[in-house]
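The structure appears below as structure tokens.
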Amino acid sequence: MRREFHWFPAAVTGLMLVYSLLPIATFTLFSFNPSPFYAFPLTGFTIGWYEKLMADGRIGDSLLASVGIAAAVMVLATVIGTMFAFFVVRAAVPFKRLLAGLGFLPLVVPVLVLAAGLQVTFVEAGLPLGFGTVILGHVIYATPFVTLMVMAPLYRYNPVLDAAARDLGAGPFTTLRLVTLPILWPGIRSGALLAFLLSFNEWAIAFFTGRGVNSLPMLIYSLQRNGLPPTVLAYAALSTAVVAVAALAVLPLLTRLLRGPK
Amino acid sequence: MNETWRSWLSGAPWLLMIGCFFILPLVGLVLMSFSGEGGFPSLENYRVIFAEGSDRPVVLLRTIGTALTVVLLSIAIAVPAAYYLAKCVASARLQAAVLALVAVTFLVGPLIRTVAWRGILGRSGLVNTVLQAVGAIDEPIMSLLYGRPAVIVAMTYNAFPFMLFTVFLAMKMIDDHYLAAGRDLGAGPATVFWRIVLPLASPGIWTGAILVFVPTISTVLEPEILGGTSGRLAATEIRDQFFHALDWPMGSTLTVVLIVAGGIAILALALATAGLARLSGRVGIAMRAGAAR
């Protein structure tokens with residue numbers, strides 16, 4: 001189809017990009033500013049805040065805690081979420097629509113509600129609040145997103161492939177391992193990445209269910225209360241860079257998906 | 001192992017987890033909301049919330065109003081942008097690049113995304129500095145930060161990508177031939193957008209509206225970091241009941257009331273849009289009936 005240029009949506013898209021990037025650009029700029037305040041004027045250029053960030057033991061500990069939690073959440077949510085995607089797309093059992101809907105309920109219930117409910121439940125059940133409870137809470141939060149990411153390629157998946165593998169003598173498990181999962185892999189990988197990042201940045205559930213767990217969002221939350229040291233800005237800029245590199249890795253896949261089957 | 005068995009096995013882990021750590025906690029919250037001074041069950045907490053002179057209903061309305069504003073702003077940003085990307089840009093690479101850029105900034109996380117606005121809206125922030133430099137103002141505008149506008153700007157910033165992604169997908173799925181047919185039959189670009197694209201994309205806009213509304217009614221970061229002394233919102237009150245007042249039954253009651261109020265707001269919005277759609281003629285529905293034939 002002939003594509004036309006429409007100035008209004010084009011302008012809104014441009015403004016949207018400015019809106020998206022402006023805060024990121026601002027804190028990156030100030031992370032190189034010698035002044036200890038997150039405000040103008042710019043007084044020079046320094047990488048001192050990055051050095052201080054690296055030297056700060058608290059940030060290292062928090063980073064370790066956050067990465068540990070996020071890695072555990074990623075593994076659990078990816079396995080459970082992928083299995084549930086198979087349930088949603090392929091299962092033929094009574095009340096399937098109801099059960100599948102139930103599985104996506106966490107998407108429409110506010111995180112704060114989940115966090116408060118989990119805190120009450122954990123305490124009533126006598127479970128000590130700590131890393132385990134935060135991981136459990138984050139798995140509940142992140143798994144529906146993984147399922148959504150895996151469902152898309154699973155709906156497009158041609159079941160003839162499975163039948164062909166069976167005809168060639170592969171058992172159900174071999175078929176899954178050598179045929180089905182490799183084809184679904186891009187979706188699973190994106191879901192895993194998303195689960196990791198969602199957990200890594202999550203604050204409310206950690207705040208409610210993690211007594212003594214000092215994950216990075218918790219540390220930054222407490223740091224920003226007394227004046228936001230520029231080391232936080234340096235951290236923010238670094239983590240943006242990490243996310244950007246991860247995004248570059250999935251960009252070709254996204255382009256191929258958008259180009260479609262034509 | 002037969003097919004039914006495998007079906008149950010694939011669903012069981014998540015359904016069990018949802019049951020134990022999602023349904024059960026929510027039921028627990030509801031039960032706890034009914035325990036008051038007079039034992040269980042009691043409507044004590046609900047009575048306190050809606051008692052005369054209580055400011056809770058105002059806080060609740062303010063929360064819902066703020067969240068609806070954020071939803072409308074997200075629609076205003078995301079629908080034109082999604083339309084432009086999905087239907088006006090031919091290059092899949094450009095589409096992917098713009099979406100990935102928004103996704104990257106989104107995945108930096110709400111905490112940093114919120115704190116970042118201090119450097120833009122603050123007394124010596126970007127906006128004031130630029131405005132002073134070009135001579136538009138003499139004194140910095142103090143009210144940019146620490147008030148309702150800053151909270152809404154940051155809330156919209158944190159939530160609009162949900163709208164962008166869902167609306168983009170919805171518009172991407174609309175067959176280009178519909179648009180071409182509309183043009184061939186003499187409709188202008190605006191008519192094509194309002195009478196073909198928008199009705200067909202409305203399920204996506206709805207999904208986006210819910211995905212934006214839900215986190216926005218429950219967030220405590222933006223009001224706390226940027227809100228200053230502007231009116232309190234429900235989520236902050238819930239947090240304070242759990243962590244400062246240590247009144248869990250009251251916190252639970254506020255939570256239940258917030259969910260119910262949010263549900264009512266969504267329902268009201270649905271009815272209002274349905275009414276609007278009826279007023280403007282059932283173009284979208286007619287379109288789809290035509291497509292099915």
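Within each chain, counting starts at residue 1; across the structure tokens, chains are named A, B, ... in the order shown, with ligands numbered 1 upward in that order.
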
Interface, chain A side, toward chain B (6 Å; only C-alpha atoms) as a PyMOL selection string: chain A and resi 3+9+12-13+23+38-40+80+83-84+87+91+110+112+117-118+121+201+240+244+254-255+258-259

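Going from atom CA of B:Val58 to atom CA of B:Gly36 covers 22.6 Å.
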
Distance in Å - atom CA of B:Leu60 versus atom CA of B:Ala234: 5.7 Å

Residues of stretch 231-271 of chain B in alpha helix (DSSP H), written as a PyMOL selection string: chain B and resi 234-243+248-271

For the residues in the current selection, export N, CA and C atoms as a CSV table (one decimal), in the first residue's frame.
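selection-v3.csv, written as the output of this step:
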chain,number,residue,atom,x,y,z
B,234,ALA,N,-4.5,7.4,47.5
B,234,ALA,CA,-4.9,6.2,48.3
B,234,ALA,C,-3.8,5.2,48.6
B,235,ALA,N,-2.9,5.0,47.5
B,235,ALA,CA,-1.8,4.0,47.7
B,235,ALA,C,-0.9,4.4,48.8
B,236,THR,N,-0.6,5.7,49.0
B,236,THR,CA,0.3,6.1,50.1
B,236,THR,C,-0.4,5.8,51.4
B,237,GLU,N,-1.7,6.1,51.5
B,237,GLU,CA,-2.4,5.8,52.8
B,237,GLU,C,-2.3,4.3,53.1
B,238,ILE,N,-2.5,3.5,52.1
B,238,ILE,CA,-2.4,2.0,52.4
B,238,ILE,C,-1.1,1.7,52.9
B,239,ARG,N,0.0,2.1,52.2
B,239,ARG,CA,1.4,1.9,52.6
B,239,ARG,C,1.5,2.3,54.1
B,240,ASP,N,1.1,3.5,54.4
B,240,ASP,CA,1.3,4.0,55.8
B,240,ASP,C,0.5,3.2,56.8
B,241,GLN,N,-0.7,2.7,56.4
B,241,GLN,CA,-1.4,1.9,57.4
B,241,GLN,C,-0.6,0.6,57.7
B,242,PHE,N,0.1,0.1,56.7
B,242,PHE,CA,0.8,-1.2,56.9
B,242,PHE,C,2.2,-0.9,57.6
B,243,PHE,N,2.8,0.2,57.3
B,243,PHE,CA,4.2,0.4,57.8
B,243,PHE,C,4.3,1.4,58.9
B,248,TRP,N,-3.1,-3.2,60.2
B,248,TRP,CA,-3.3,-4.1,59.0
B,248,TRP,C,-4.8,-4.2,58.6
B,249,PRO,N,-5.7,-4.4,59.5
B,249,PRO,CA,-7.1,-4.4,59.1
B,249,PRO,C,-7.5,-3.2,58.3
B,250,MET,N,-7.1,-2.0,58.8
B,250,MET,CA,-7.5,-0.8,58.2
B,250,MET,C,-6.8,-0.7,56.8
B,251,GLY,N,-5.6,-1.1,56.7
B,251,GLY,CA,-4.9,-1.1,55.4
B,251,GLY,C,-5.6,-2.0,54.5
B,252,SER,N,-6.0,-3.2,54.9
B,252,SER,CA,-6.7,-4.1,54.1
B,252,SER,C,-8.0,-3.5,53.6
B,253,THR,N,-8.7,-2.9,54.5
B,253,THR,CA,-10.0,-2.3,54.1
B,253,THR,C,-9.8,-1.2,53.0
B,254,LEU,N,-8.8,-0.4,53.2
B,254,LEU,CA,-8.5,0.7,52.2
B,254,LEU,C,-8.2,0.0,50.9
B,255,THR,N,-7.4,-1.1,50.9
B,255,THR,CA,-7.0,-1.8,49.7
B,255,THR,C,-8.3,-2.3,49.0
B,256,VAL,N,-9.2,-3.0,49.7
B,256,VAL,CA,-10.4,-3.5,49.1
B,256,VAL,C,-11.2,-2.4,48.5
B,257,VAL,N,-11.4,-1.3,49.3
B,257,VAL,CA,-12.1,-0.1,48.8
B,257,VAL,C,-11.5,0.4,47.5
B,258,LEU,N,-10.2,0.5,47.4
B,258,LEU,CA,-9.5,1.0,46.2
B,258,LEU,C,-9.8,0.1,45.0
B,259,ILE,N,-9.7,-1.3,45.2
B,259,ILE,CA,-10.0,-2.2,44.1
B,259,ILE,C,-11.4,-2.0,43.6
B,260,VAL,N,-12.3,-2.0,44.6
B,260,VAL,CA,-13.7,-1.9,44.2
B,260,VAL,C,-14.0,-0.5,43.4
B,261,ALA,N,-13.4,0.6,44.0
B,261,ALA,CA,-13.6,1.9,43.3
B,261,ALA,C,-12.9,1.9,41.9
B,262,GLY,N,-11.8,1.2,41.8
B,262,GLY,CA,-11.1,1.1,40.5
B,262,GLY,C,-12.0,0.4,39.5
B,263,GLY,N,-12.6,-0.8,40.0
B,263,GLY,CA,-13.4,-1.5,39.1
B,263,GLY,C,-14.6,-0.7,38.6
B,264,ILE,N,-15.2,0.0,39.6
B,264,ILE,CA,-16.4,0.9,39.2
B,264,ILE,C,-16.0,1.9,38.2
B,265,ALA,N,-14.8,2.5,38.4
B,265,ALA,CA,-14.3,3.5,37.4
B,265,ALA,C,-14.2,2.9,36.0
B,266,ILE,N,-13.6,1.7,36.0
B,266,ILE,CA,-13.4,1.1,34.7
B,266,ILE,C,-14.7,0.8,34.0
B,267,LEU,N,-15.6,0.3,34.8
B,267,LEU,CA,-17.0,0.0,34.3
B,267,LEU,C,-17.7,1.2,33.8
B,268,ALA,N,-17.6,2.3,34.5
B,268,ALA,CA,-18.2,3.6,34.1
B,268,ALA,C,-17.6,4.1,32.8
B,269,LEU,N,-16.3,3.9,32.7
B,269,LEU,CA,-15.6,4.3,31.5
B,269,LEU,C,-16.1,3.5,30.3
B,270,ALA,N,-16.2,2.2,30.5
B,270,ALA,CA,-16.7,1.3,29.5
B,270,ALA,C,-18.1,1.7,29.0
B,271,LEU,N,-19.0,2.0,30.0
B,271,LEU,CA,-20.3,2.4,29.6
B,271,LEU,C,-20.3,3.7,28.8

For A:Asp162: contacts at 9 Å, only C-alpha atoms, fewer than 3 positions along chain excluded, given as a list in words: Asn158, Pro159, Ala165, Arg166, Asp167, Pro172, Thr175, Leu176, Val179 and Thr180 of chain A

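Across the model, the gap from atom CA of A:Trp7 to atom CA of B:Ile152 is 26.8 Å.
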
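For A:Thr78, the set of protein, DNA and RNA residues having any atom at most 9 Å away, when counting only C-alpha atoms and skipping those fewer than 2 positions along the same chain, is Val73, Met74, Val75, Leu76, Ile80, Gly81, Thr82, Met83, Ala142, Thr143, Val146, Thr147, Ile188, Arg189, Gly191, Ala192 and Ala195 of chain A.
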
Can you tell me, as a PDB file with C-alpha atoms, in the first residue's frame, what residues are no more than 12 Å from A:Met54 when counting only C-alpha atoms, ignoring any on the same chain fewer than 3 positions away?
ATOM      1  CA  ILE A  47      33.880  10.644  36.161  1.00  0.00           C
ATOM      2  CA  GLY A  48      34.316  10.896  39.923  1.00  0.00           C
ATOM      3  CA  TRP A  49      30.758   9.781  40.681  1.00  0.00           C
ATOM      4  CA  TYR A  50      31.328   6.589  38.725  1.00  0.00           C
ATOM      5  CA  GLU A  51      34.526   5.934  40.683  1.00  0.00           C
ATOM      6  CA  GLY A  57      30.326  -1.257  49.151  1.00  0.00           C
ATOM      7  CA  ARG A  58      26.588  -0.846  49.746  1.00  0.00           C
ATOM      8  CA  ILE A  59      25.872  -0.591  46.045  1.00  0.00           C
ATOM      9  CA  GLY A  60      27.942  -3.688  45.325  1.00  0.00           C
ATOM     10  CA  ASP A  61      26.056  -5.661  47.985  1.00  0.00           C
ATOM     11  CA  LEU A  63      23.617  -5.210  43.148  1.00  0.00           C
ATOM     12  CA  THR A 231      26.327   8.215  42.535  1.00  0.00           C
ATOM     13  CA  VAL A 232      22.676   7.209  42.056  1.00  0.00           C
ATOM     14  CA  ALA A 234      25.831   7.342  37.745  1.00  0.00           C
ATOM     15  CA  TYR A 235      24.197   4.026  38.587  1.00  0.00           C
ATOM     16  CA  LEU A 238      25.113   2.632  33.782  1.00  0.00           C
TER      17      LEU A 238
END

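Counting only C-alpha atoms, B:Ser35 has the following residues at most 9 Å away, ignoring those fewer than 3 positions along the same chain: B:Leu31, B:Met32, B:Gly38, B:Gly39, B:Phe40, B:Pro41, B:Ser42, B:Leu43, B:Glu44, B:Asn45, B:Pro249, B:Met250.
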
Would you mind exporting C-alpha atoms of the selected residues as a compact mmCIF listing (two decimals), in the first residue's frame?
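As written to disk, again.txt reads:
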# COMPACT_ATOMS: atom_id res chain seq x y z
CA LEU B 31 -11.20 -11.29 55.40
CA MET B 32 -8.85 -9.06 57.33
CA GLY B 38 -15.56 -5.57 67.78
CA GLY B 39 -13.98 -8.83 66.57
CA PHE B 40 -14.84 -10.65 63.36
CA PRO B 41 -16.86 -10.13 61.26
CA SER B 42 -17.35 -6.41 61.63
CA LEU B 43 -17.95 -3.51 59.29
CA GLU B 44 -16.14 -1.19 61.68
CA ASN B 45 -13.33 -0.27 59.25
CA PRO B 249 -7.11 -4.44 59.07
CA MET B 250 -7.51 -0.76 58.15
